[in-house]
Structures are given as structure tokens and as C-alpha cells.
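Undergrad: Below you will find the structure I want to go over with you.
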Amino acid sequence: MTALTLRVAAKEPLTPLVTRFRFEHPEGARLPLFSGGAHVVVEMTDGNQLRRNAYSLISDPNDGSGYEIAVRREDAGRGGSRFMHGRVAAGDLIRVGAPVNLFSLDLRARKHLMIAGGIGVTPFLAQIRQLDRLGQPYELRYAARSRAEAAGLRLLPRSPRVHVHISDEGGRMDLGGLLAGQPLGTHVYTCGPEGLIAAVEETAARLRWPRAALHSEAFLAPPPGRPFTVRLARSGITIEVGPHESLLEAIEAAGVDAPWLCRGGACGQCETAVLSCRGEIEHHDHWLDAGDRASRTKIMPCVSRFAGEELILDR
Amino acid sequence: MPATKFSPSITSRPVYPGLVSRGAAPSLMVADAEGAEALIDLVERDPAVLDAAHIVYVPAGAPFGARLSALGARLCHEAPSLSAALPRIRAALAEARMGFQLYLAGTEGLIGRVAAEAVSAGLPLDAIQSEHRGSIARRMQCVHCKGITEDVATDPFVCAHCGLTLFVRDHYSRRLGAFQGVCVDAETPGIVPASQEIRP
Amino acid sequence: MTIRFNEETFRDDYTFYNSPQAIRRFPFPFDRDDYMYSVNMEPHAGGPEGSVFERRFDVDEHYVAEMRDRAITLDEDPLRCQSLPHMELAGWDLLELIMTCKAEDYPDLFELRRDGDQWHWINRPLGIEQRFTFLDAGTLPHGPMEYITRQTQGDFAVLDQREGNLWMDAGMVTSQADWSLDFDIGMNFFEWHAPVPKAHEMGIFQRALKFLMNVQQGAPSRRLNWTMTVNPRLDTSPENYHKWGPEKRELTPENVGAKQYLRVELQSFWRLPRSNALAFPIRCYLIALEDLVSVPKWGRRLHRVLRDLPDELAEYKGFAVNRPLIVDYLARFDDGAPTSPGIYPD
């Protein structure tokens, strides 16, 4: 994974929970451009722990002068977002990976319909800039609980194509009405809490939308949990996974090389074979299907955990 | 005539899994000849598919027109040929909204041509269902002159446009709605294998 | 670095030739004495000095003649270059990638000046000077993909990534190993590879697809592929099969060394930034058997590979009918001595 060392050029609170960061090259060099929906992985060195969290890029994909992300503080999380909020300051140097897009636009679409819930608005901020440049039609629906929490209000352009639904003010989104009557060739993109994604999928299925027109990205951070022990058979070592550490991070901390891409249970890159499992794998990913899970022979170490007597991985 | 069973082939060769009702969603049903029976069977399994259905039928000499129109679809149109029906099909696609379903039944030529129209109108592939009935003649593109020869029943065959003798490949282009025909005697001009009937 | 460009043809009188340096740097595709499909990917991050891997888009002595041959093919059949409407952005990505790589890697041959969206491109070998507005197709004589690939050796497929698959939605294909862009455009990865025997059952394409979908920006990959061609012909298209097919039957024991060519594709894979598409250049290198055997290791090894190749592969690659002639010829250069590992000459 190619990573750049960038300077934190700006840090700006957008709401009490969401802060915007801007990264620039320390010598002012241009950064690689990207496509709307791409994320970068930010490396955080916290004492002897290295965390890598993925964040959607929110800046203009066609602007190589810097990358911007918006980070929501998750107080119940493993600590990555708390680190970004509390410990990273303007002027710091920080390692940022090359942009990767696992939530790209289908450029064949006759219309792009985007549904954002809360901080899930982030990938769309870059996508609508890309669509504006391409001159492609879109409609963005942004749902947030309250105006105070809605970081998107500070980030979204004023446009007849952008609609805001604040549930505290009774502005709930009518998914049925939204999905009925869209022109042929419309693609729907949803990013937000799992419940929102499920609701869109359910509504779309009821209205007989074809699956290929539905796209979603759940912003899945590795959940914290109880500590557990794992044996890495090929490396011949046994490692401890701490409560605020992912299995992947623990493998990396032990100096073992493991593949990864999204670090959010979506891309499949870190899939690892399970050689022995006496206990329960806590699957948190969107990659393995029910059959994979039932077979107890695969795990996605970026987000999944384990509880039980023994877990041996082919790593 | 029951749905055709094809022998296993390469991954680009289309398969026609048969029609399954997607309920009362607005739909277009296009069939030729024996394909009518697939629509009749579909309606028998779930009469609700007719509620917002528009049927376009090309009889090609088959006797199912009256039974189809008696089903009671919102619209039922009989056309003398698929070419004659295409403007109507395009108009229906242009008005369609997401959730719209396309049911295709009959020969590979009809299924391929209408599916290609629908995809270019923005309909995702998974909104298209198909069931093969009737003739297994193929719609072939000549890779050399690009001309399309309809209803090819033998292998090799003579391209209706450039006159080259072509062998029938299973390689299929959804964009063209056609199989590929390649000169059979390119390396040894004039030495052409005996023509055989195409098998499913 | 200066390159002397050959005055040569790839059709009719076939005056194509490889200089001694071109023979020496030929990308021989076999690293051992037998061959089976594999997902033989490696990072496309340079290579030995002077090798075809050294620079990102290799320019060699055949450049000018290849571009002239491409122009002839396109005049005869414009359908060899097509781009579905949603692929124009990827075309711009490709244009930027090639222009910046060539200007950096061959500063004496190519020059790119950028002032915001106002670009100025100079291609000295082809005598082209073009000012245009980036992302405004109206300011170029062709679409962006066609414009830049008329100036770049090798075929190009540009693949859209969606629905967990790669789709061949644009391409410039005038020197292909017998496949038709006009027919295959719009197909997904498994569909356009459908005619390849054996590899599907071996799971080759599932593994290759998974690898390719994860190719990342700034980290291109490459592999070599190969086939056999009679005469140094770039346009071995199915479109013109009835024109070049008879030449395949003109081989004799006397002319096989001069007329039979090993055809090697240097395939590379690049993630494109704005479109998230994957560029797939397929660069073709040709070498006559009589030149190839001037490297003793290559003569020995090619003999063993072709002699032992499964029939289905010889059939698929289109040289089954000539295999006995080729193997008999190459046998004269195989003394049975062991060969060293790797593809480079000893």
C-alpha cells in the first residue's frame, strides 16, 4: 500500500461531533486525483499502537492541492476518531494512503439518486462535484437527526438538487415516494447507518428495482470488543487482540504482513482462512455470505472478532 | 412446445432460465411464435402480472394471437414482424420508470434484439427475463462485413450480405444481440465442411 | 537516448525487422521449459536497463511504422476504435497517464506543457504539436482515447469497474490476437474470455479478476502473454481473417525460420484516477524464429515449450496446423542442454 506523508493544513470543527481535516503535501506537490466516493486510509500512531482508519474524501476529486475528510467522533469506538479529534493538530505530519474507490458512480446512469444518512453524506460531497463537472443529473437526499448535528449543512452546496430532511423538524424522508417514478436508468446510492441502507433496499425490492441499480456503503469501523487470543499458524506465533484493537491491527503489530484495502469489511482483500475454530467468530463484515460464515473456515480480520477457546488462522 | 433445453456451452452464450412473475409491476412482454405459450404459462402461474402489462406479439405464422389477446392485458398488440414492432417497443421503454419489468419469450433473435434495445434505453439486465421457445435458429453477425443474418439454422452458412461462408460460434454479444460468424475457409479458400443443422 | 525508427511495413511486402538491440531486448515470455496458464502478475515498476520493462510505456524502433500501420487499419475499419458513451472520462484519464509518462520517460521525444486545463503536447517522432483544453473533447481531432492511442504502440482496452466485474467498454484494437473489439465491447471479464479453453475450469479468471479489481492508483501490474503469427502482421483480426488466413498455410521447412514469428504481448494494468476505470494496454512484440534462436537459451526453451504444449492450447492459439513444422525447425537449435531460470538471455 503506497502512502504519502502529508501535513495537516487545517482542522475545523463543523459540529460538536464532526471535524474537518485538510491534508496537503509538505512541499506543495500535487496529490493524485481520485474519483467521487473514494476513501483514504489515515495512519495514526498512538504510543506503540498503529491504527489505520478509512475516511471518504470530501474535497473536489479534480483538485490535487489537498485532500479533505470529515471525522465523526465515536466515543464508543476503538479510539481512532477520538485520536483524530483530540491529538491531531494543524501542522502535524500524518501518513495517508493513496485513494481507493469501493463506492464509485456508475457513469452509465441516466440519473444518480443519492441518499445520505448523517455522516454518510461524506462520499457524496466528492461525487456531486464530479457529477457537476460531467454535467450528469443527480438528486441528493440528506437526512440528519437535528440541525445541530448535521455537518452536511456546512458542506453541501445550496442547490435545487440537494434536499435536506431533518427528522427533529418532521422532515423525514419518504423512501417509497422517492423511489417510485424514477426514470429508467436511475442508479441509487445509499451511505449511512445500516438501518437506512436496509430500508432503501427493502423499498427498492418492493418496487421491483433491479439490484444492479442499487449501491451502498456502510461506514463500518472495526468495533471494539472483549480481548481474545489467536494463533497464526504460518508465522508460528500467538497474539493477543486488545479490546480497542482490531484483529488486523494486532496481526500488523506482531510484524506479520497481511493484505488489506478498505479496513471496513467490504472489499474482501483481507479474507483469511480459519484452520481451527473452537468458539464463535463474531463476523462484522459485509463480505462473507451465510454459507461462508456457517462453514467457519473464513474470517475478515479487519472488522471481525472471536470469542472462545481457540482460533487458528492460516497467516 | 416446452421451453428449450440447451447443452452447456461457454460463458458468453446466453441462457434463458424461464419467466418468473415479478407481480403487478408495470411490464412489457414481447414474444414471437411459440413464445406466446411461455407468456400464457406465466399468466396462468400468476394472473397479477397482467395488471400493468403491455404485450407485443409477432405470430410468425403461429396460432396463439387470439389466446394472448384473450388474457386481458392492459394492452395487447400484434405486429407483423419484430422490425415493425420496434418503434412501439422503444416508445414503451422511453416512458418506463424504474421497477419496470421486461419479459421476453420465443426465439433467440427476438430475445437478443429486444434485450439489446432495452439495455441501451437504460434498463439493467436483471430487469429482463427470458424463456426460449420454438425455433433454435440464430441471429448471426458476420465478423467480416458486420452484416446480420437472421434465422440461421445451419452451420456453416452463407452471410446474407458479403457471401462469405461462416461457421457458427457460441460466442455471443449482448450489445448486438447476435452470435459471431467467422469465415470457415479463411485458411483454405473453397474447402468448406458439409453444412449441418444447428442443435440446441 | 535516441532511437532510430525503422522504415518498415507490417503488411503486403512485410519489411518489418528487428535490429540486434531489439532482438536482445525482446520480452521472451517463458521463464521455464514448459507452459501452462497462470495469473503471472508482477508490479510494473521498471526493469533491467534497456529492457522493455524499463519505462512505463515502452517506445522502440518500430514506433513510427506501427503508428502508420494503425492509421491504415483505422481508415479501412473505424470500428477498431470504440468507446461507449460513459467511458469518455476514462479516455481523458488514459490520455493524461500516457502523456505524462512519455514526457517524463522520453523527454527528448515527447513534451507536455500544462497551464491549468490548457495543454500543449509535442510528439517529435510523429511530428505532432497540439494545443487543447483538457476535458473538452471538441478541442482534439479525435476522442481522447483515440487521440492518444493513435500515438502509442500496443492495443488498449479500457475497463469499467462495476457490479463486482470489469467491463470492456472502450478500446483501440488494431494488433490483436484474433479477437474483435466490435463484437466484444460491452462484455464483462468472463464473457470476453469465454472462448479461452481450460482456463475457466482452472479458476484462472476468478483469480485474475480479483487481482485486477484491486489494482491501485500508482501501482500498476504487468504480465506477458504470447501466441504465434505467420508473417510480421499486426492486424491479425477476425475481421480480416479471410485475408491473412491463407498466409498461415504458406509455411515450408525452408521459410519457417523467416516467416514464423513469436508474438508476445506485454500486458499492463493501471487504475485510472478520475473514472476509477482500469486501463489495459496490450503491447505486441514480434520476433522471427531465425532471430529468436540467435539467443541459444531461447531457441532451446521455445522448442521444448511448443513441443510439449497441450493440443487444445495450440489449437486456441491458432498454430496447431503449423506446429510440426515449427517444432522440427526449432529442434535443430535444441541440443538438450539445461536452461537457466528466468526470461533473460544468458
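Note on naming: chains are A, B, ... as they come in the C-alpha cells, residues start from 1 per chain, ligands start from 1 in the order shown.
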Can you list every residue in segment 128-164 of chain C that DSSP puts in alpha helix (DSSP H), as a PyMOL selection string?

TA: chain C and resi 144-149

Undergrad: Can you check which residues of chain B have any atom within 10 Å of chain C? Use only C-alpha atoms and format it as an MDAnalysis selection string.

TA: chainID B and resid 9:14 141:146 164 169:176 178:189

Undergrad: How would the residues just picked look written out with N, CA, C and O atoms as a CSV table (one decimal), in the first residue's frame?

TA:
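Final output, selection_9.csv:
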chain,number,residue,atom,x,y,z
B,9,SER,N,-22.4,-24.6,-22.6
B,9,SER,CA,-21.5,-24.0,-23.5
B,9,SER,C,-20.6,-23.0,-22.8
B,9,SER,O,-20.6,-23.0,-21.6
B,10,ILE,N,-20.0,-22.1,-23.6
B,10,ILE,CA,-19.1,-21.1,-23.0
B,10,ILE,C,-19.9,-20.0,-22.3
B,10,ILE,O,-21.1,-19.9,-22.5
B,11,THR,N,-19.2,-19.3,-21.4
B,11,THR,CA,-19.8,-18.3,-20.5
B,11,THR,C,-20.5,-17.1,-21.3
B,11,THR,O,-21.3,-16.5,-20.7
B,12,SER,N,-20.1,-16.9,-22.5
B,12,SER,CA,-20.7,-15.7,-23.2
B,12,SER,C,-22.0,-16.2,-23.8
B,12,SER,O,-22.8,-15.3,-24.2
B,13,ARG,N,-22.3,-17.5,-24.0
B,13,ARG,CA,-23.5,-18.0,-24.6
B,13,ARG,C,-24.7,-17.7,-23.6
B,13,ARG,O,-24.6,-18.1,-22.5
B,14,PRO,N,-25.7,-17.0,-24.1
B,14,PRO,CA,-26.8,-16.7,-23.1
B,14,PRO,C,-27.6,-17.9,-22.7
B,14,PRO,O,-27.6,-18.9,-23.5
B,141,GLN,N,-23.9,-12.3,-36.4
B,141,GLN,CA,-23.2,-11.2,-37.0
B,141,GLN,C,-22.0,-11.8,-37.8
B,141,GLN,O,-21.3,-12.6,-37.3
B,142,CYS,N,-21.8,-11.3,-39.0
B,142,CYS,CA,-20.7,-11.6,-39.8
B,142,CYS,C,-19.5,-10.7,-39.3
B,142,CYS,O,-19.6,-9.5,-39.3
B,143,VAL,N,-18.5,-11.4,-38.7
B,143,VAL,CA,-17.4,-10.6,-38.1
B,143,VAL,C,-16.6,-9.8,-39.2
B,143,VAL,O,-16.0,-8.8,-38.9
B,144,HIS,N,-16.8,-10.2,-40.5
B,144,HIS,CA,-16.0,-9.6,-41.5
B,144,HIS,C,-16.7,-8.3,-42.1
B,144,HIS,O,-16.2,-7.3,-42.1
B,145,CYS,N,-18.0,-8.5,-42.5
B,145,CYS,CA,-18.7,-7.3,-43.1
B,145,CYS,C,-19.6,-6.6,-42.1
B,145,CYS,O,-20.1,-5.6,-42.4
B,146,LYS,N,-19.9,-7.2,-40.9
B,146,LYS,CA,-20.7,-6.7,-39.8
B,146,LYS,C,-22.2,-6.9,-40.1
B,146,LYS,O,-23.0,-6.4,-39.3
B,164,LEU,N,-19.6,-14.6,-47.8
B,164,LEU,CA,-18.6,-15.5,-47.2
B,164,LEU,C,-19.3,-16.6,-46.5
B,164,LEU,O,-20.4,-16.5,-46.0
B,169,ARG,N,-20.4,-19.6,-34.2
B,169,ARG,CA,-19.7,-19.7,-32.9
B,169,ARG,C,-20.8,-19.6,-31.8
B,169,ARG,O,-21.8,-19.0,-32.0
B,170,ASP,N,-20.4,-20.0,-30.6
B,170,ASP,CA,-21.3,-19.8,-29.4
B,170,ASP,C,-21.0,-18.5,-28.8
B,170,ASP,O,-21.7,-18.1,-27.8
B,171,HIS,N,-19.9,-17.8,-29.2
B,171,HIS,CA,-19.6,-16.5,-28.6
B,171,HIS,C,-20.7,-15.5,-29.0
B,171,HIS,O,-21.1,-15.4,-30.2
B,172,TYR,N,-21.2,-14.8,-28.0
B,172,TYR,CA,-22.4,-14.0,-28.2
B,172,TYR,C,-22.2,-12.6,-27.6
B,172,TYR,O,-21.6,-12.4,-26.6
B,173,SER,N,-22.7,-11.6,-28.4
B,173,SER,CA,-22.6,-10.2,-28.0
B,173,SER,C,-24.0,-9.7,-27.6
B,173,SER,O,-24.9,-9.7,-28.4
B,174,ARG,N,-24.2,-9.4,-26.3
B,174,ARG,CA,-25.5,-8.9,-25.9
B,174,ARG,C,-25.8,-7.5,-26.5
B,174,ARG,O,-26.9,-7.1,-26.8
B,175,ARG,N,-24.7,-6.7,-26.7
B,175,ARG,CA,-24.9,-5.4,-27.3
B,175,ARG,C,-25.5,-5.5,-28.7
B,175,ARG,O,-26.4,-4.8,-29.1
B,176,LEU,N,-25.0,-6.5,-29.4
B,176,LEU,CA,-25.6,-6.7,-30.8
B,176,LEU,C,-26.8,-7.6,-30.8
B,176,LEU,O,-27.5,-7.7,-31.8
B,178,ALA,N,-26.5,-10.9,-31.0
B,178,ALA,CA,-26.2,-11.8,-32.0
B,178,ALA,C,-25.0,-12.7,-31.7
B,178,ALA,O,-24.1,-12.3,-30.9
B,179,PHE,N,-24.9,-13.9,-32.3
B,179,PHE,CA,-23.7,-14.7,-32.2
B,179,PHE,C,-22.7,-14.3,-33.3
B,179,PHE,O,-23.1,-13.5,-34.2
B,180,GLN,N,-21.5,-14.8,-33.2
B,180,GLN,CA,-20.5,-14.4,-34.1
B,180,GLN,C,-20.3,-15.5,-35.2
B,180,GLN,O,-20.2,-16.7,-34.9
B,181,GLY,N,-20.3,-15.0,-36.4
B,181,GLY,CA,-20.0,-15.9,-37.6
B,181,GLY,C,-18.6,-15.5,-38.1
B,181,GLY,O,-18.3,-14.4,-38.4
B,182,VAL,N,-17.8,-16.6,-38.3
B,182,VAL,CA,-16.4,-16.4,-38.8
B,182,VAL,C,-16.1,-17.2,-40.0
B,182,VAL,O,-16.6,-18.4,-40.1
B,183,CYS,N,-15.4,-16.7,-41.0
B,183,CYS,CA,-15.2,-17.4,-42.3
B,183,CYS,C,-14.6,-18.8,-42.0
B,183,CYS,O,-13.6,-18.9,-41.3
B,184,VAL,N,-15.3,-19.8,-42.6
B,184,VAL,CA,-14.9,-21.1,-42.3
B,184,VAL,C,-13.7,-21.6,-43.2
B,184,VAL,O,-13.0,-22.5,-42.8
B,185,ASP,N,-13.6,-21.0,-44.3
B,185,ASP,CA,-12.5,-21.5,-45.2
B,185,ASP,C,-11.4,-20.4,-45.4
B,185,ASP,O,-10.8,-20.3,-46.5
B,186,ALA,N,-11.2,-19.6,-44.4
B,186,ALA,CA,-10.3,-18.5,-44.5
B,186,ALA,C,-8.9,-19.0,-44.9
B,186,ALA,O,-8.2,-18.3,-45.7
B,187,GLU,N,-8.5,-20.1,-44.2
B,187,GLU,CA,-7.1,-20.5,-44.5
B,187,GLU,C,-7.0,-21.4,-45.7
B,187,GLU,O,-5.9,-21.5,-46.3
B,188,THR,N,-8.1,-22.0,-46.1
B,188,THR,CA,-8.1,-22.9,-47.2
B,188,THR,C,-9.3,-22.6,-48.1
B,188,THR,O,-10.3,-23.3,-48.1
B,189,PRO,N,-9.2,-21.4,-48.9
B,189,PRO,CA,-10.4,-21.0,-49.6
B,189,PRO,C,-11.0,-22.1,-50.5
B,189,PRO,O,-10.3,-22.8,-51.2

Undergrad: Got a sec to pull out which chain C residues are within 8 Å of chain A, counting only C-alpha atoms, and send them as a PyMOL selection string?

TA: chain C and resi 85-87+162-163+216-219+273-276

Undergrad: Those residues with N, CA and C atoms, as a short mmCIF file (atom, residue, chain, number, x, y, z; two decimals), in the first residue's frame please?

TA:
data_model
loop_
_atom_site.label_atom_id
_atom_site.label_comp_id
_atom_site.auth_asym_id
_atom_site.auth_seq_id
_atom_site.Cartn_x
_atom_site.Cartn_y
_atom_site.Cartn_z
N PRO C 85 -20.43 5.56 -24.46
CA PRO C 85 -20.50 6.97 -24.05
C PRO C 85 -19.99 7.25 -22.63
N HIS C 86 -20.20 6.33 -21.69
CA HIS C 86 -19.80 6.62 -20.31
C HIS C 86 -18.29 6.52 -20.10
N MET C 87 -17.53 6.18 -21.14
CA MET C 87 -16.09 5.95 -20.97
C MET C 87 -15.23 7.15 -21.37
N ARG C 162 -17.56 -2.25 -12.18
CA ARG C 162 -18.85 -2.13 -11.50
C ARG C 162 -19.44 -3.52 -11.32
N GLU C 163 -20.40 -3.63 -10.39
CA GLU C 163 -21.09 -4.90 -10.14
C GLU C 163 -20.10 -6.05 -9.89
N GLN C 216 -4.31 -0.74 -7.74
CA GLN C 216 -4.49 0.60 -7.20
C GLN C 216 -3.70 1.64 -7.94
N GLN C 217 -4.21 2.88 -7.80
CA GLN C 217 -3.55 4.02 -8.41
C GLN C 217 -2.08 4.06 -8.04
N GLY C 218 -1.24 4.30 -9.03
CA GLY C 218 0.18 4.44 -8.76
C GLY C 218 0.89 3.12 -8.57
N ALA C 219 0.18 1.99 -8.71
CA ALA C 219 0.79 0.67 -8.51
C ALA C 219 0.37 -0.28 -9.63
N PRO C 273 -7.43 7.55 -12.32
CA PRO C 273 -7.86 8.30 -11.13
C PRO C 273 -9.30 8.82 -11.18
N ARG C 274 -9.68 9.56 -12.23
CA ARG C 274 -10.98 10.25 -12.21
C ARG C 274 -12.15 9.31 -12.42
N SER C 275 -11.93 8.27 -13.23
CA SER C 275 -13.02 7.39 -13.65
C SER C 275 -13.06 6.10 -12.84
N ASN C 276 -11.99 5.80 -12.10
CA ASN C 276 -11.85 4.51 -11.41
C ASN C 276 -11.85 3.34 -12.40
#

Undergrad: Can you tell me, as a count of residues only, what residues are no more than 12 Å from Gly47 of chain C when counting only C-alpha atoms, ignoring any on the same chain fewer than 3 positions away?

TA: 15

Undergrad: With 10 Å as the cut-off and only C-alpha atoms counted, what is the closest atom pair between each nearby residue of chain B and chain A? Distances in Å to one decimal, ordered by chain and number, as a Markdown table.

TA:
| residue | atom | partner | partner_atom | distance |
| --- | --- | --- | --- | --- |
| B:Arg22 | CA | A:Arg208 | CA | 7.3 |
| B:Gly23 | CA | A:Arg208 | CA | 8.8 |
| B:Ala24 | CA | A:Arg208 | CA | 9.6 |
| B:Ala25 | CA | A:Arg208 | CA | 7.0 |
| B:Pro26 | CA | A:Arg208 | CA | 9.6 |
| B:Leu93 | CA | A:Leu184 | CA | 7.9 |
| B:Ala94 | CA | A:Leu184 | CA | 7.7 |
| B:Glu95 | CA | A:Pro183 | CA | 8.0 |
| B:Ala96 | CA | A:Leu184 | CA | 5.9 |
| B:Arg97 | CA | A:Pro183 | CA | 4.5 |
| B:Met98 | CA | A:Leu184 | CA | 4.9 |
| B:Gly99 | CA | A:Trp209 | CA | 4.5 |
| B:Phe100 | CA | A:Arg208 | CA | 7.3 |
| B:Gln101 | CA | A:Arg208 | CA | 8.0 |
| B:Ala118 | CA | A:Leu184 | CA | 9.8 |
| B:Val119 | CA | A:Gly185 | CA | 9.0 |
| B:Ser120 | CA | A:Gly185 | CA | 9.4 |
| B:Ala121 | CA | A:Gly185 | CA | 7.4 |
| B:Gly122 | CA | A:Gly185 | CA | 4.2 |
| B:Leu123 | CA | A:Gly185 | CA | 5.8 |
| B:Pro124 | CA | A:Ala212 | CA | 6.6 |
| B:Leu125 | CA | A:Ala212 | CA | 7.9 |
| B:Asp126 | CA | A:Pro210 | CA | 5.6 |
| B:Ala127 | CA | A:Pro210 | CA | 5.6 |
| B:Ile128 | CA | A:Pro210 | CA | 9.2 |

Undergrad: Might you pull out every residue within 8 Å of Val305 of chain C, with only C-alpha atoms counted and same-chain residues fewer than 3 positions away left off, and present them as a PyMOL selection string?

TA: chain C and resi 33-35+301-302+308-309

Undergrad: For C-alpha atoms, I'd like the residues from the last selection saved as a compact mmCIF listing (two decimals), in the first residue's frame.

TA:
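What follows is the written file again.txt:
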# COMPACT_ATOMS: atom_id res chain seq x y z
CA ASP C 33 10.80 -25.09 -20.26
CA ASP C 34 7.04 -25.68 -20.13
CA TYR C 35 3.96 -23.53 -20.19
CA ARG C 301 13.33 -23.37 -24.47
CA LEU C 302 10.82 -22.40 -27.17
CA ASP C 308 5.00 -30.20 -25.11
CA LEU C 309 2.07 -27.76 -25.27

Undergrad: What parts of segment 3-197 of chain B does DSSP call strand (DSSP E)? I'd like the answer as a count of residues only.

TA: 58

Undergrad: Applying 12 Å and only C-alpha atoms, which residues near Gly236 of chain A remain after dropping the ones on its own chain fewer than 2 positions away? List them as a list in words.

TA: Val230, Arg231, Leu232, Ala233, Arg234, Thr238, Ile239, Ala254, Val256, Ile312, Leu313, Asp314 and Arg315 of chain A

Undergrad: Could you save those same residues with N, CA and C atoms as a PDB file, in the first residue's frame?

TA:
ATOM      1  N   VAL A 230      -5.276 -15.374  19.393  1.00  0.00           N
ATOM      2  CA  VAL A 230      -5.306 -16.012  18.077  1.00  0.00           C
ATOM      3  C   VAL A 230      -3.936 -16.615  17.799  1.00  0.00           C
ATOM      4  N   ARG A 231      -3.953 -17.805  17.214  1.00  0.00           N
ATOM      5  CA  ARG A 231      -2.712 -18.449  16.785  1.00  0.00           C
ATOM      6  C   ARG A 231      -2.541 -18.200  15.282  1.00  0.00           C
ATOM      7  N   LEU A 232      -1.396 -17.693  14.861  1.00  0.00           N
ATOM      8  CA  LEU A 232      -1.098 -17.504  13.432  1.00  0.00           C
ATOM      9  C   LEU A 232      -0.186 -18.651  13.015  1.00  0.00           C
ATOM     10  N   ALA A 233      -0.763 -19.617  12.281  1.00  0.00           N
ATOM     11  CA  ALA A 233      -0.056 -20.882  12.061  1.00  0.00           C
ATOM     12  C   ALA A 233       1.200 -20.698  11.215  1.00  0.00           C
ATOM     13  N   ARG A 234       1.081 -19.964  10.115  1.00  0.00           N
ATOM     14  CA  ARG A 234       2.236 -19.872   9.220  1.00  0.00           C
ATOM     15  C   ARG A 234       3.381 -19.088   9.859  1.00  0.00           C
ATOM     16  N   THR A 238       1.571 -16.684  18.542  1.00  0.00           N
ATOM     17  CA  THR A 238       0.260 -16.473  19.139  1.00  0.00           C
ATOM     18  C   THR A 238       0.179 -15.008  19.545  1.00  0.00           C
ATOM     19  N   ILE A 239      -0.945 -14.375  19.200  1.00  0.00           N
ATOM     20  CA  ILE A 239      -1.061 -12.945  19.502  1.00  0.00           C
ATOM     21  C   ILE A 239      -2.312 -12.672  20.336  1.00  0.00           C
ATOM     22  N   ALA A 254       2.168  -7.389  15.369  1.00  0.00           N
ATOM     23  CA  ALA A 254       3.086  -8.500  15.618  1.00  0.00           C
ATOM     24  C   ALA A 254       4.127  -8.614  14.511  1.00  0.00           C
ATOM     25  N   VAL A 256       3.518  -9.135  11.296  1.00  0.00           N
ATOM     26  CA  VAL A 256       3.141 -10.090  10.251  1.00  0.00           C
ATOM     27  C   VAL A 256       2.450  -9.315   9.126  1.00  0.00           C
ATOM     28  N   ILE A 312      -7.290 -20.612  15.125  1.00  0.00           N
ATOM     29  CA  ILE A 312      -6.008 -20.720  14.412  1.00  0.00           C
ATOM     30  C   ILE A 312      -6.221 -20.257  12.976  1.00  0.00           C
ATOM     31  N   LEU A 313      -5.400 -19.289  12.552  1.00  0.00           N
ATOM     32  CA  LEU A 313      -5.541 -18.731  11.201  1.00  0.00           C
ATOM     33  C   LEU A 313      -4.362 -19.153  10.324  1.00  0.00           C
ATOM     34  N   ASP A 314      -4.635 -19.244   9.025  1.00  0.00           N
ATOM     35  CA  ASP A 314      -3.586 -19.545   8.053  1.00  0.00           C
ATOM     36  C   ASP A 314      -2.882 -18.229   7.696  1.00  0.00           C
ATOM     37  N   ARG A 315      -2.075 -17.723   8.569  1.00  0.00           N
ATOM     38  CA  ARG A 315      -1.400 -16.446   8.327  1.00  0.00           C
ATOM     39  C   ARG A 315      -0.048 -16.494   8.975  1.00  0.00           C
TER      40      ARG A 315
END

Undergrad: When distances are computed from only C-alpha atoms, which of B:Ser7, B:Thr107, B:Ser27, B:Thr154 shows the smallest separation from Arg74 of chain B?

TA: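 The shortest atom-to-atom distance to Arg74 of chain B comes from B:Ser27.
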
Undergrad: What's the 12 Å shell around Arg233 of chain C, counting only C-alpha atoms, without same-chain residues fewer than 6 positions away, as an MDAnalysis selection string?

TA: chainID C and resid 8:17 66 69:70 73 174:178 240:241 243:245 247:248 259:263 284:288

Undergrad: With only C-alpha atoms as the counted atoms, please give the residues lying no more than 10 Å from Gly61 of chain B, apart from itself and same-chain residues fewer than 4 positions off, as a PyMOL selection string.

TA: chain B and resi 32-34+65+80

Undergrad: In Å to one decimal, how far is atom CA of Glu290 of chain C from atom CA of Leu251 of chain C?

TA: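 Rounded to one decimal, the two atoms are 13.7 Å apart.
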
Undergrad: Grab the atom CA of Val43 of chain B to atom CA of Ser69 of chain B distance for me, in Å with one decimal place.

TA: 12.1 Å

Undergrad: Hey, can you check how far atom CA of Arg172 of chain A sits from atom CA of Leu156 of chain A?

TA: 18.4 Å
